[in-house]
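A.B. asks: final26.csv is reproduced in full below (CSV, C-alpha atoms).
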chain,number,residue,atom,x,y,z
G,40,SER,CA,90.6,73.8,78.9
G,41,ASN,CA,93.1,72.1,76.7
G,42,HIS,CA,95.9,71.0,79.0
G,43,SER,CA,98.0,69.2,76.4
G,44,TRP,CA,101.2,71.0,77.4
G,45,GLY,CA,102.5,68.2,79.7
G,46,PHE,CA,104.5,70.5,82.0
G,47,HIS,CA,103.9,71.8,85.5
G,48,THR,CA,107.1,73.7,86.3
G,49,MET,CA,107.0,75.5,89.7
G,50,SER,CA,109.6,78.2,89.5
G,51,GLY,CA,109.7,78.6,93.3
G,52,ASP,CA,111.3,75.2,93.7
G,53,ALA,CA,114.8,76.6,93.7
G,54,THR,CA,117.8,74.8,95.2
G,55,LEU,CA,118.9,76.4,98.4
G,56,ASP,CA,122.1,74.6,99.2
G,57,ASN,CA,124.1,77.8,99.5
G,58,GLU,CA,121.3,79.9,101.1
G,59,VAL,CA,122.5,82.5,103.7
G,60,VAL,CA,120.8,82.6,107.1
G,61,SER,CA,120.7,85.7,109.3
G,62,LEU,CA,121.1,85.0,113.0
G,63,SER,CA,120.5,88.0,115.3
G,64,GLU,CA,120.1,88.6,119.0
G,65,GLY,CA,118.5,92.0,118.4
G,66,LEU,CA,115.4,90.9,116.6
G,67,PHE,CA,113.4,94.0,117.5
G,68,GLY,CA,114.6,97.6,117.6
G,69,ASN,CA,117.3,99.3,115.5
G,70,THR,CA,120.3,97.2,116.6
G,71,ARG,CA,122.1,96.2,113.4
G,72,ALA,CA,122.2,92.4,113.1
G,73,PRO,CA,125.6,90.7,112.7
G,74,GLU,CA,126.7,89.7,109.3
G,75,PRO,CA,124.6,86.7,108.0
G,76,VAL,CA,126.1,83.4,108.8
G,77,GLU,CA,126.3,80.9,105.9
G,78,ARG,CA,124.8,77.5,106.6
G,79,VAL,CA,125.3,75.1,103.7
G,80,GLY,CA,122.4,72.9,103.1
G,81,VAL,CA,119.9,74.8,105.3
G,82,ASN,CA,116.6,75.5,103.6
G,83,VAL,CA,116.2,78.9,105.3
G,84,ARG,CA,116.2,82.3,103.7
G,85,ALA,CA,118.3,85.1,105.0
G,86,ASN,CA,115.3,87.5,105.2
G,87,LEU,CA,111.9,87.8,103.6
G,88,THR,CA,113.1,89.9,100.6
G,89,ARG,CA,114.9,86.7,99.4
G,90,LEU,CA,111.4,85.3,98.6
G,91,ILE,CA,110.6,88.1,96.2
G,92,GLY,CA,110.2,86.8,92.6
G,93,GLN,CA,110.3,83.3,91.1
G,94,THR,CA,106.5,83.3,91.7
G,95,PRO,CA,104.6,80.2,90.6
G,96,MET,CA,102.3,79.7,87.6
G,97,VAL,CA,99.1,77.7,87.6
G,98,PHE,CA,96.5,76.6,85.1
G,99,LEU,CA,93.0,77.9,85.2
G,100,ASN,CA,90.8,74.7,85.3
G,101,ASN,CA,87.3,75.6,86.4
G,102,VAL,CA,86.6,79.0,84.9
G,103,ALA,CA,88.4,78.6,81.6
G,104,PRO,CA,86.4,77.8,78.4
G,105,LYS,CA,85.9,74.1,77.5
G,106,SER,CA,87.7,74.7,74.2
G,107,GLY,CA,90.0,77.3,72.9
G,108,ALA,CA,93.2,78.5,74.6
G,109,THR,CA,94.8,77.3,77.7
G,110,ILE,CA,95.1,80.0,80.4
G,111,VAL,CA,97.9,80.1,83.0
G,112,CYS,CA,98.1,82.6,85.8
G,113,LYS,CA,101.5,84.2,86.8
G,114,LEU,CA,100.9,84.5,90.6
G,115,ASP,CA,102.8,87.6,91.5
G,116,SER,CA,100.2,88.0,94.3
G,117,MET,CA,102.3,85.3,96.1
G,118,ASN,CA,105.2,87.8,96.6
G,119,PRO,CA,105.7,88.5,100.4
G,120,SER,CA,103.5,91.6,100.5
G,121,THR,CA,101.0,90.0,98.0
G,122,SER,CA,101.9,92.0,94.9
G,123,THR,CA,104.2,92.4,92.0
G,124,ALA,CA,105.3,95.7,93.5
G,125,ASP,CA,107.7,93.9,95.8
G,126,ARG,CA,110.1,93.3,92.8
G,127,VAL,CA,110.2,97.0,92.1
G,128,ALA,CA,110.6,98.1,95.7
G,129,LEU,CA,113.6,95.8,96.3
G,130,ALA,CA,115.3,96.8,93.0
G,131,PHE,CA,114.9,100.5,93.8
G,132,ILE,CA,116.2,100.2,97.4
G,133,GLU,CA,119.2,97.9,96.5
G,134,GLY,CA,120.1,100.1,93.6
G,135,LEU,CA,120.1,103.2,95.8
G,136,GLU,CA,122.1,101.4,98.4
G,137,ALA,CA,124.7,100.3,95.8
G,138,ASN,CA,125.2,103.9,94.7
G,139,GLY,CA,125.5,105.1,98.2
G,140,VAL,CA,122.4,107.3,98.0
G,141,ILE,CA,120.6,105.9,101.0
G,142,THR,CA,121.6,104.5,104.5
G,143,PRO,CA,119.5,102.3,106.8
G,144,HIS,CA,118.1,104.0,109.9
G,145,LYS,CA,118.9,107.4,108.4
G,146,SER,CA,117.3,107.8,105.0
G,147,ILE,CA,113.6,108.3,104.5
G,148,LEU,CA,111.9,106.7,101.5
G,149,VAL,CA,108.9,108.6,100.0
G,150,GLU,CA,106.6,107.3,97.4
G,151,ALA,CA,103.3,108.4,95.8
G,152,THR,CA,101.2,105.2,95.5
G,153,CYS,CA,97.8,103.8,95.1
G,154,GLY,CA,98.6,101.1,97.6
G,155,SER,CA,100.5,98.0,96.3
G,156,GLY,CA,103.7,100.0,95.5
G,157,GLY,CA,103.5,101.6,99.0
G,158,ALA,CA,103.0,98.2,100.7
G,159,GLY,CA,105.9,96.7,98.8
G,160,LEU,CA,108.2,99.6,99.7
G,161,ALA,CA,107.0,99.6,103.4
G,162,PHE,CA,107.7,95.8,103.5
G,163,VAL,CA,111.2,96.0,102.1
G,164,GLY,CA,111.9,99.1,104.2
G,165,ALA,CA,110.9,97.3,107.3
G,166,VAL,CA,113.3,94.4,106.5
G,167,LYS,CA,116.2,96.8,105.6
G,168,GLY,CA,115.7,99.4,108.3
G,169,TYR,CA,114.2,102.4,106.4
G,170,LYS,CA,111.4,104.8,107.4
G,171,VAL,CA,108.9,105.0,104.6
G,172,ILE,CA,106.3,107.7,103.9
G,173,CYS,CA,103.5,106.7,101.5
G,174,VAL,CA,101.5,109.5,99.9
G,175,ILE,CA,98.2,108.2,98.8
G,176,PRO,CA,95.0,109.5,97.2
G,177,GLU,CA,92.0,109.2,99.6
G,178,ILE,CA,90.4,106.6,97.4
G,179,VAL,CA,92.9,104.0,98.6
G,180,PRO,CA,91.0,101.3,100.6
G,181,ALA,CA,91.3,100.9,104.3
G,182,GLU,CA,92.9,97.5,104.0
G,183,LYS,CA,95.8,98.9,101.9
G,184,ARG,CA,96.3,101.7,104.4
G,185,THR,CA,96.3,99.3,107.3
G,186,ILE,CA,98.9,97.0,105.5
G,187,MET,CA,101.2,99.9,104.9
G,188,MET,CA,101.0,101.1,108.5
G,189,ALA,CA,101.4,97.6,109.8
G,190,TYR,CA,104.8,97.6,108.0
G,191,GLY,CA,105.6,100.8,109.8
G,192,ALA,CA,104.9,103.3,107.1
G,193,GLU,CA,103.6,106.8,107.7
G,194,LEU,CA,100.7,107.8,105.5
G,195,VAL,CA,100.0,111.2,104.0
G,196,VAL,CA,96.6,111.4,102.3
G,197,THR,CA,95.8,113.7,99.3
G,198,PRO,CA,92.5,114.6,97.7
G,199,GLY,CA,91.0,111.8,95.6
G,200,THR,CA,90.0,114.2,92.9
G,201,LYS,CA,93.7,114.9,92.2
G,202,GLY,CA,94.5,111.2,91.6
G,203,ILE,CA,98.0,109.9,91.6
G,204,ALA,CA,99.3,113.2,90.2
G,205,GLY,CA,98.2,115.0,93.3
G,206,ALA,CA,100.0,112.4,95.5
G,207,ALA,CA,103.1,112.7,93.3
G,208,TYR,CA,103.2,116.5,93.8
G,209,LYS,CA,102.9,116.1,97.6
G,210,ALA,CA,105.6,113.5,97.7
G,211,SER,CA,108.0,115.8,95.8
G,212,GLN,CA,107.2,118.5,98.4
G,213,ILE,CA,108.0,116.2,101.3
G,214,VAL,CA,111.4,115.3,99.7
G,215,GLU,CA,112.3,119.0,99.1
G,216,GLU,CA,111.6,119.8,102.8
G,217,ASN,CA,113.7,116.9,104.3
G,218,SER,CA,117.4,116.5,103.5
G,219,HIS,CA,117.2,112.8,104.5
G,220,ALA,CA,114.2,112.0,102.2
G,221,VAL,CA,114.6,110.3,98.8
G,222,LEU,CA,111.8,110.0,96.3
G,223,ILE,CA,111.0,106.6,94.9
G,224,ASP,CA,109.3,107.2,91.6
G,225,GLN,CA,107.9,103.9,90.2
G,226,TRP,CA,105.7,105.9,87.7
G,227,GLU,CA,108.5,107.4,85.7
G,228,ASP,CA,111.8,105.7,86.6
G,229,GLU,CA,113.0,103.1,84.0
G,230,MET,CA,114.0,100.8,86.8
G,231,THR,CA,110.3,99.7,87.0
G,232,VAL,CA,110.6,98.4,83.4
G,233,THR,CA,114.1,96.9,83.9
G,234,VAL,CA,112.9,94.8,86.9
G,235,HIS,CA,110.2,93.1,84.9
G,236,ARG,CA,112.4,92.7,81.8
G,237,GLU,CA,115.1,91.0,83.8
G,238,SER,CA,112.9,88.9,86.2
G,239,THR,CA,109.2,88.6,85.4
G,240,GLY,CA,109.6,88.1,81.7
G,241,PRO,CA,112.4,85.5,81.9
G,242,GLU,CA,110.4,83.6,84.6
G,243,ILE,CA,107.4,83.4,82.4
G,244,TRP,CA,109.4,82.3,79.4
G,245,SER,CA,111.3,79.7,81.4
G,246,ASP,CA,108.3,78.2,83.2
G,247,THR,CA,106.3,77.9,80.0
G,248,ARG,CA,109.4,76.5,78.2
G,249,GLY,CA,109.0,79.3,75.6
G,250,ASN,CA,105.4,78.3,74.7
G,251,VAL,CA,103.7,81.5,75.7
G,252,ASP,CA,101.6,82.9,72.8
G,253,VAL,CA,99.7,85.8,74.6
G,254,PHE,CA,100.6,87.9,77.7
G,255,VAL,CA,97.7,89.8,79.4
G,256,ALA,CA,98.2,92.3,82.1
G,257,PRO,CA,96.5,95.4,83.6
G,258,VAL,CA,98.1,98.8,83.0
G,259,GLY,CA,99.1,100.7,86.1
G,260,THR,CA,102.5,102.3,85.8
G,261,GLY,CA,102.9,100.5,82.5
G,262,GLY,CA,106.3,99.2,83.7
G,263,THR,CA,105.2,95.6,84.0
G,264,LEU,CA,103.6,95.3,80.6
G,265,THR,CA,106.5,97.1,79.0
G,266,GLY,CA,109.3,95.1,80.7
G,267,VAL,CA,107.6,91.7,80.2
G,268,GLY,CA,106.6,92.7,76.7
G,269,GLN,CA,110.1,93.7,75.8
G,270,TYR,CA,111.5,90.3,76.9
G,271,LEU,CA,108.8,88.1,75.4
G,272,LYS,CA,108.9,90.0,72.1
G,273,ALA,CA,112.7,89.6,71.9
G,274,MET,CA,112.3,85.9,72.5
G,275,ASN,CA,109.3,85.5,70.2
G,276,PRO,CA,108.2,88.4,68.0
G,277,ASP,CA,104.9,86.7,67.4
G,278,CYS,CA,103.9,86.7,71.1
G,279,LYS,CA,100.9,89.0,71.5
G,280,ILE,CA,100.9,91.6,74.3
G,281,ILE,CA,97.4,92.6,75.6
G,282,ALA,CA,97.0,95.8,77.7
G,283,VAL,CA,94.0,95.9,79.9
G,284,GLU,CA,92.4,99.2,80.9
G,285,PRO,CA,89.2,100.3,82.6
G,286,SER,CA,86.3,101.0,80.3
G,287,GLU,CA,85.5,104.0,82.5
G,288,ALA,CA,89.0,105.5,81.9
G,289,ALA,CA,90.0,104.1,78.5
G,290,VAL,CA,92.7,106.7,77.7
G,291,LEU,CA,94.8,104.2,75.8
G,292,SER,CA,91.8,103.7,73.5
G,293,GLY,CA,91.4,107.4,73.0
G,294,HIS,CA,88.4,107.9,75.2
G,295,LYS,CA,87.8,110.5,78.0
G,296,VAL,CA,88.1,109.6,81.7
G,297,LYS,CA,84.9,109.1,83.6
G,298,PRO,CA,84.6,108.7,87.4
G,299,HIS,CA,85.5,105.1,88.3
G,300,LYS,CA,86.3,102.7,91.1
G,301,HIS,CA,89.5,101.2,89.8
G,302,VAL,CA,92.4,101.9,92.1
G,303,GLU,CA,95.5,100.5,90.3
G,304,MET,CA,94.4,101.2,86.8
G,305,GLY,CA,93.0,104.2,84.9
G,306,ILE,CA,95.3,107.0,86.2
G,307,GLY,CA,93.8,109.4,83.7
G,308,SER,CA,96.7,109.6,81.2
G,309,ILE,CA,99.0,107.4,79.3
G,310,PRO,CA,101.6,106.1,81.7
G,311,PRO,CA,105.1,107.4,80.7
G,312,LEU,CA,106.6,103.9,81.1
G,313,LEU,CA,104.1,102.2,78.8
G,314,ASP,CA,105.5,101.5,75.3
G,315,LEU,CA,102.4,101.3,73.1
G,316,ASP,CA,104.5,100.1,70.2
G,317,LEU,CA,104.8,96.7,72.1
G,318,VAL,CA,101.0,96.5,72.6
G,319,ASP,CA,99.1,94.3,70.1
G,320,GLU,CA,95.7,94.9,71.6
G,321,ILE,CA,94.0,97.1,74.2
G,322,PHE,CA,91.2,95.4,76.0
G,323,ARG,CA,88.6,97.4,78.0
G,324,VAL,CA,87.0,96.0,81.1
G,325,GLN,CA,84.3,97.5,83.4
G,326,TYR,CA,84.9,97.6,87.1
G,327,ASP,CA,81.9,95.3,87.9
G,328,GLN,CA,83.3,92.8,85.3
G,329,ALA,CA,86.7,92.9,87.0
G,330,VAL,CA,85.3,92.3,90.4
G,331,GLN,CA,83.0,89.5,89.3
G,332,ALA,CA,85.9,87.8,87.6
G,333,SER,CA,88.0,88.2,90.7
G,334,ARG,CA,85.3,86.6,92.8
G,335,GLN,CA,85.0,83.7,90.4
G,336,LEU,CA,88.8,83.1,90.6
G,337,ALA,CA,88.4,82.8,94.4
G,338,MET,CA,85.3,80.6,94.4
G,339,LYS,CA,86.3,78.3,91.6
G,340,GLU,CA,90.1,78.3,91.5
G,341,GLY,CA,91.1,79.3,95.0
G,342,ILE,CA,93.0,82.4,93.7
G,343,LEU,CA,92.5,85.6,95.7
G,344,ALA,CA,93.0,88.3,93.0
G,345,GLY,CA,92.6,92.0,93.2
G,346,PRO,CA,90.2,93.9,90.8
G,347,ALA,CA,93.0,94.8,88.4
G,348,SER,CA,94.0,91.1,88.2
G,349,GLY,CA,90.3,90.3,87.8
G,350,ALA,CA,90.2,92.7,84.9
G,351,ALA,CA,93.1,90.9,83.3
G,352,ALA,CA,91.6,87.5,83.9
G,353,PHE,CA,88.3,88.6,82.4
G,354,ALA,CA,90.1,89.8,79.3
G,355,ALA,CA,92.0,86.5,79.1
G,356,LEU,CA,88.8,84.5,79.4
G,357,GLN,CA,87.2,86.3,76.6
G,358,ILE,CA,90.3,86.2,74.3
G,359,ALA,CA,90.6,82.4,75.0
G,360,LYS,CA,87.3,81.9,73.3
G,361,ARG,CA,88.3,83.3,69.9
G,362,PRO,CA,88.7,80.8,67.1
G,363,ASP,CA,92.3,81.8,66.4
G,364,MET,CA,93.2,81.0,70.0
G,365,VAL,CA,92.7,77.2,69.8
G,366,ASP,CA,95.7,75.4,71.2
G,367,LYS,CA,97.4,78.7,72.2
G,368,LEU,CA,98.8,79.4,75.7
G,369,ILE,CA,97.7,82.7,77.4
G,370,VAL,CA,99.6,83.9,80.4
G,371,VAL,CA,97.6,86.4,82.6
G,372,LEU,CA,99.3,88.4,85.4
G,373,VAL,CA,97.8,88.2,88.8
G,374,SER,CA,99.5,91.3,90.1
G,375,SER,CA,98.0,91.5,93.6
G,376,SER,CA,95.8,89.7,96.1
G,377,SER,CA,92.2,90.6,96.9
G,378,GLU,CA,93.2,90.7,100.6
G,379,GLN,CA,93.9,94.4,100.0
G,380,TYR,CA,90.4,95.1,98.7
G,381,LEU,CA,88.0,93.1,100.9
G,382,SER,CA,85.8,96.1,101.8
G,383,THR,CA,85.3,97.1,98.1
G,384,MET,CA,85.2,93.7,96.5
G,385,TYR,CA,83.2,91.8,99.1
G,386,PRO,CA,80.9,94.3,100.8
G,387,ASP,CA,78.1,91.8,101.1
G,388,MET,CA,80.2,89.1,102.8
G,389,ARG,CA,82.0,91.7,104.9
G,390,ARG,CA,78.7,93.1,106.3
G,391,TYR,CA,77.5,89.6,107.1
G,392,CYS,CA,80.7,88.7,108.8
G,393,GLN,CA,80.6,91.8,110.9
G,394,VAL,CA,77.3,91.0,112.4
G,395,GLN,CA,77.5,87.3,112.6
G,396,THR,CA,77.6,85.8,116.1
G,397,PHE,CA,77.1,82.3,117.5
G,398,LYS,CA,73.4,83.1,117.9
G,399,THR,CA,73.0,84.0,114.2
G,400,ASN,CA,74.9,81.0,112.8
G,401,ARG,CA,73.3,79.5,109.8
G,402,VAL,CA,74.5,77.6,106.7
G,403,THR,CA,75.2,80.2,104.0
G,404,THR,CA,75.8,79.7,100.4
G,405,PRO,CA,77.9,82.5,98.7
G,406,SER,CA,76.0,84.4,96.1
G,407,LYS,CA,76.4,82.6,92.9
G,408,THR,CA,77.8,85.0,90.4
G,409,LYS,CA,78.6,84.4,86.8
G,410,THR,CA,81.4,86.1,85.0
G,411,PRO,CA,79.7,88.8,82.8
G,412,LYS,CA,80.0,88.5,79.1
G,413,ALA,CA,82.2,91.0,77.3
Will you turn the file into structure tokens for me?
C.D. replies:
Amino acid sequence: SNHSWGFHTMSGDATLDNEVVSLSEGLFGNTRAPEPVERVGVNVRANLTRLIGQTPMVFLNNVAPKSGATIVCKLDSMNPSTSTADRVALAFIEGLEANGVITPHKSILVEATCGSGGAGLAFVGAVKGYKVICVIPEIVPAEKRTIMMAYGAELVVTPGTKGIAGAAYKASQIVEENSHAVLIDQWEDEMTVTVHRESTGPEIWSDTRGNVDVFVAPVGTGGTLTGVGQYLKAMNPDCKIIAVEPSEAAVLSGHKVKPHKHVEMGIGSIPPLLDLDLVDEIFRVQYDQAVQASRQLAMKEGILAGPASGAAAFAALQIAKRPDMVDKLIVVLVSSSSEQYLSTMYPDMRRYCQVQTFKTNRVTTPSKTKTPKA
């Protein structure tokens, strides 16, 4: 691709001279740690939530078209729990703490989630001392469930046919029945938009030195696309915002919802947080196209990207080929890692690895897959 930009800013290279370091004797259990001790000049973070955000950006070199636009990935998959949802989880919890609504080791945080949001909430809850209950549709993959439980979350499963709406209803029931429970509503709370307007958007603008021409992202809650879109449009009204949705559930395009395998896209209705007035184009991607694009990112760029991110990458690769995209810079959001989807994205490799022993060792070449044409 055309790498004539001459910059390789890594937003994670922050100066840490005044970083705060937490030293605690009670590393395990519920004993409250002493107040963090400041250590000037020590390059150590106080806790893992301090690594949320300021995620790096990287050029696509091997899958990008030979001519046309330059494509850059915003790797929010490099947040601690491997998704952009970490930003939202931390903002929700710190906001509730600041308003005196929740207390560590007492309050229970409840969220309806398709996985990444729950993992982010469970991760931040683990660091800050909150019990977390994640209400999930039964279509959520085993890897995502395991990750949430590894962080200490309790899982409540709802019928897959009811989608996220069924999970949301059950989550509200749980909160009504427990006086210590607080609902975290990433689907309708404006905080989801605010987080991305105040962090993700400015990071993209800063790291591209204001040269971003197109922003491409999958639509889940709609909060990421709206928040980033608001910031980028304010800085440059000509910046194009591309919303990516499943072909099988293209409600933004006015089509009916069909059965599909997408987990973090295609909720069956227009997300309340999505501002369609900001959207310049809606790009539809099939699930198989999304998975193949994700696999290509891993094999040729070393980027482990979930299927929603694969859908966004597929869209960006097609858009980059357009004649009017020559010398343009496209930023595509990699919102989560494929580590949470191994059983559904790599069933062939997973089956092989499960039966492979030292007696069956042989040289294997991963199946060569080409990114499908739009």
A.B. asks: Near G:Glu237, within 9 Å and counting all atoms listed in the file, which residues show up once chain neighbours fewer than 3 positions away are dropped, as a list in words?
C.D. replies: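 Counting all atoms listed in the file, the residues come to Val232, Thr233, Val234, Gly240, Pro241, Glu242, Gly266, Val267 and Tyr270 of chain G.
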A.B. asks: Quick one: write out the picked residues with C-alpha atoms as an mmCIF file, in the frame of the given file?
C.D. replies:
data_model
loop_
_atom_site.group_PDB
_atom_site.id
_atom_site.type_symbol
_atom_site.label_atom_id
_atom_site.label_comp_id
_atom_site.auth_asym_id
_atom_site.auth_seq_id
_atom_site.Cartn_x
_atom_site.Cartn_y
_atom_site.Cartn_z
ATOM 1 C CA VAL G 232 110.600 98.400 83.400
ATOM 2 C CA THR G 233 114.100 96.900 83.900
ATOM 3 C CA VAL G 234 112.900 94.800 86.900
ATOM 4 C CA GLY G 240 109.600 88.100 81.700
ATOM 5 C CA PRO G 241 112.400 85.500 81.900
ATOM 6 C CA GLU G 242 110.400 83.600 84.600
ATOM 7 C CA GLY G 266 109.300 95.100 80.700
ATOM 8 C CA VAL G 267 107.600 91.700 80.200
ATOM 9 C CA TYR G 270 111.500 90.300 76.900
#
A.B. asks: For a quick check of understanding, using all atoms listed in the file, which of G:Asp125, G:Glu150, G:Asp363, G:Glu378 has the smallest distance to G:Asp252?
C.D. replies: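 Comparing G:Asp125, G:Glu150, G:Asp363, G:Glu378 against G:Asp252, the winner is G:Asp363.
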A.B. asks: At a cut-off of 10 Å around the point (100.5, 85.4, 85.8) (file coordinates), what residues fall inside when counting all atoms listed in the file? I'd like the answer as an MDAnalysis selection string.
C.D. replies: chainID G and resid 94:98 110:116 239 243 254:256 348 351:352 369:374
A.B. asks: Name the residues, using the chain letters and numbers of the file, that sit within 7 Å of (109.3, 111.2, 91.4) when counting all atoms listed in the file, and give them as a list in words.
C.D. replies: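 Every polymer residue passing the test: Ala207, Ser211, Leu222, Ile223, Asp224 and Glu227 of chain G.
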A.B. asks: Of the residues G:Phe131, G:Met338, G:Gln93, G:Gln379, which is the one nearest to G:Thr185, using only C-alpha atoms?
C.D. replies: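 Among G:Phe131, G:Met338, G:Gln93, G:Gln379, it is G:Gln379 that comes nearest to G:Thr185.
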A.B. asks: When you draw a straight line from atom CA of G:Ser155 to atom CA of G:Ser122, how long is it in Å?
C.D. replies: 6.3 Å
A.B. asks: Looking at G:Thr383, G:Thr231, G:Ser146, G:Asn100, which one is nearest to G:Gln335, with distances taken over only C-alpha atoms?
C.D. replies: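 Using only C-alpha atoms, G:Gln335 sits closest to G:Asn100.
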